[in-house]
Amino acid sequence: MRNILLILACLFSVSMACAAEQVPQDGPFALVDLSVLPEQDAQIIRLANEDFTCVLQGRKPQNAKFDEKAALPKDGGTTYYKGKGYYLTIVQSLSSFGKLHGFIYGPVIVFDKKFAPGNTNAVSSLRFYTNKQLKELKQQSVSGDI
């Protein structure tokens with residue numbers, strides 16, 4: 001009887017862990033239950049959301065791959081990636097506002113029109129960082145202090 005209870009407890013904890021993975025905790029789809037979607041749709045959103053969150057933390061995307069065919073702008077470091085069902089742009093553009101100098105930095109996800117045919121198929125989060133702030137964000141992500 002004890003073994004049966006132990007097995008049931010393990011199965012319950014595994015099913016709860018899987019369900020928790022279906023609800024992103026951060027990013028543009030935070031707290032959205034993806035388990036109600038077809039698996040392919042949920043996967044596209046989950047992967048894009050993970051990449052979006054990585055970029056916000058100053059890290060490279062985990063899922064999308066560098067787009068070697070994309071032109072590299074001379075703006076301070078913007079880069080392009082291709083994911084499953086979406087494109088990711090990591091904006092890193094030299095910017096000045098009066099005597100304030102630094103970068104506009106952040107992720108822009110553009111979903112394929114076939115997947116997101118509505119009025120907009122993009123989500124983004126861009127903000128200004130001083131040179132020091134952006135450097136610290138990226139160093140923090142490398143050192144694991146996030």
# chains A, B, ... in the order shown; residues from 1 in each chain; ligands from 1
>>> select_by_dssp(residues="chain A", states="helix (DSSP H, G or I)", output="PyMOL selection string")
chain A and resi 2-21+34-36+39-56+131-143
>>> residues_around(residues="A:Leu47", least_positions_apart="5", cutoff="9 Å", atoms="only C-alpha atoms", output="PyMOL selection string")
chain A and resi 42+52+62-64+83-84
>>> atom_distance(atom1="atom CA of A:Ala71", atom2="atom CA of A:Tyr86")
17.3 Å
>>> residues_around(residues="A:Gln25", least_positions_apart="3", cutoff="12 Å", atoms="only C-alpha atoms", output="PyMOL selection string")
chain A and resi 20-22+28-34+46+49-50+53
>>> write_last_selection(atoms="N, CA and C atoms", output="mmCIF file, in the first residue's frame")
data_model
loop_
_atom_site.group_PDB
_atom_site.id
_atom_site.type_symbol
_atom_site.label_atom_id
_atom_site.label_comp_id
_atom_site.auth_asym_id
_atom_site.auth_seq_id
_atom_site.Cartn_x
_atom_site.Cartn_y
_atom_site.Cartn_z
ATOM 1 N N ALA A 20 2.716 23.117 -14.847
ATOM 2 C CA ALA A 20 3.356 24.389 -14.531
ATOM 3 C C ALA A 20 4.148 24.908 -15.725
ATOM 4 N N GLU A 21 4.756 23.996 -16.499
ATOM 5 C CA GLU A 21 5.510 24.402 -17.676
ATOM 6 C C GLU A 21 4.594 24.991 -18.746
ATOM 7 N N GLN A 22 3.315 24.706 -18.680
ATOM 8 C CA GLN A 22 2.357 25.198 -19.662
ATOM 9 C C GLN A 22 1.903 26.631 -19.367
ATOM 10 N N PRO A 28 5.909 38.069 -22.617
ATOM 11 C CA PRO A 28 4.651 38.635 -23.119
ATOM 12 C C PRO A 28 3.443 37.708 -22.952
ATOM 13 N N PHE A 29 3.692 36.440 -22.693
ATOM 14 C CA PHE A 29 2.590 35.490 -22.509
ATOM 15 C C PHE A 29 2.533 34.985 -21.067
ATOM 16 N N ALA A 30 3.028 35.794 -20.133
ATOM 17 C CA ALA A 30 3.045 35.420 -18.719
ATOM 18 C C ALA A 30 1.639 35.106 -18.229
ATOM 19 N N LEU A 31 1.570 34.020 -17.487
ATOM 20 C CA LEU A 31 0.343 33.573 -16.820
ATOM 21 C C LEU A 31 -0.766 33.156 -17.780
ATOM 22 N N VAL A 32 -0.427 32.897 -19.039
ATOM 23 C CA VAL A 32 -1.390 32.373 -20.007
ATOM 24 C C VAL A 32 -1.268 30.855 -20.011
ATOM 25 N N ASP A 33 -2.388 30.170 -19.825
ATOM 26 C CA ASP A 33 -2.400 28.706 -19.815
ATOM 27 C C ASP A 33 -2.319 28.193 -21.247
ATOM 28 N N LEU A 34 -1.164 27.694 -21.615
ATOM 29 C CA LEU A 34 -0.948 27.207 -22.978
ATOM 30 C C LEU A 34 -1.467 25.786 -23.176
ATOM 31 N N ARG A 46 5.540 29.091 -26.523
ATOM 32 C CA ARG A 46 6.464 28.792 -25.421
ATOM 33 C C ARG A 46 7.912 29.109 -25.811
ATOM 34 N N ASN A 49 8.371 32.894 -26.245
ATOM 35 C CA ASN A 49 8.323 33.539 -24.932
ATOM 36 C C ASN A 49 9.637 33.325 -24.165
ATOM 37 N N GLU A 50 10.195 32.108 -24.249
ATOM 38 C CA GLU A 50 11.479 31.832 -23.595
ATOM 39 C C GLU A 50 12.586 32.711 -24.165
ATOM 40 N N THR A 53 12.203 36.340 -23.023
ATOM 41 C CA THR A 53 12.632 36.487 -21.634
ATOM 42 C C THR A 53 14.155 36.460 -21.522
#
>>> residues_around(residues="A:Phe97", least_positions_apart="5", cutoff="12 Å", atoms="only C-alpha atoms", output="list of chain:residue names")
A:Gly102, A:Phe103, A:Ile104, A:Phe128, A:Tyr129, A:Thr130
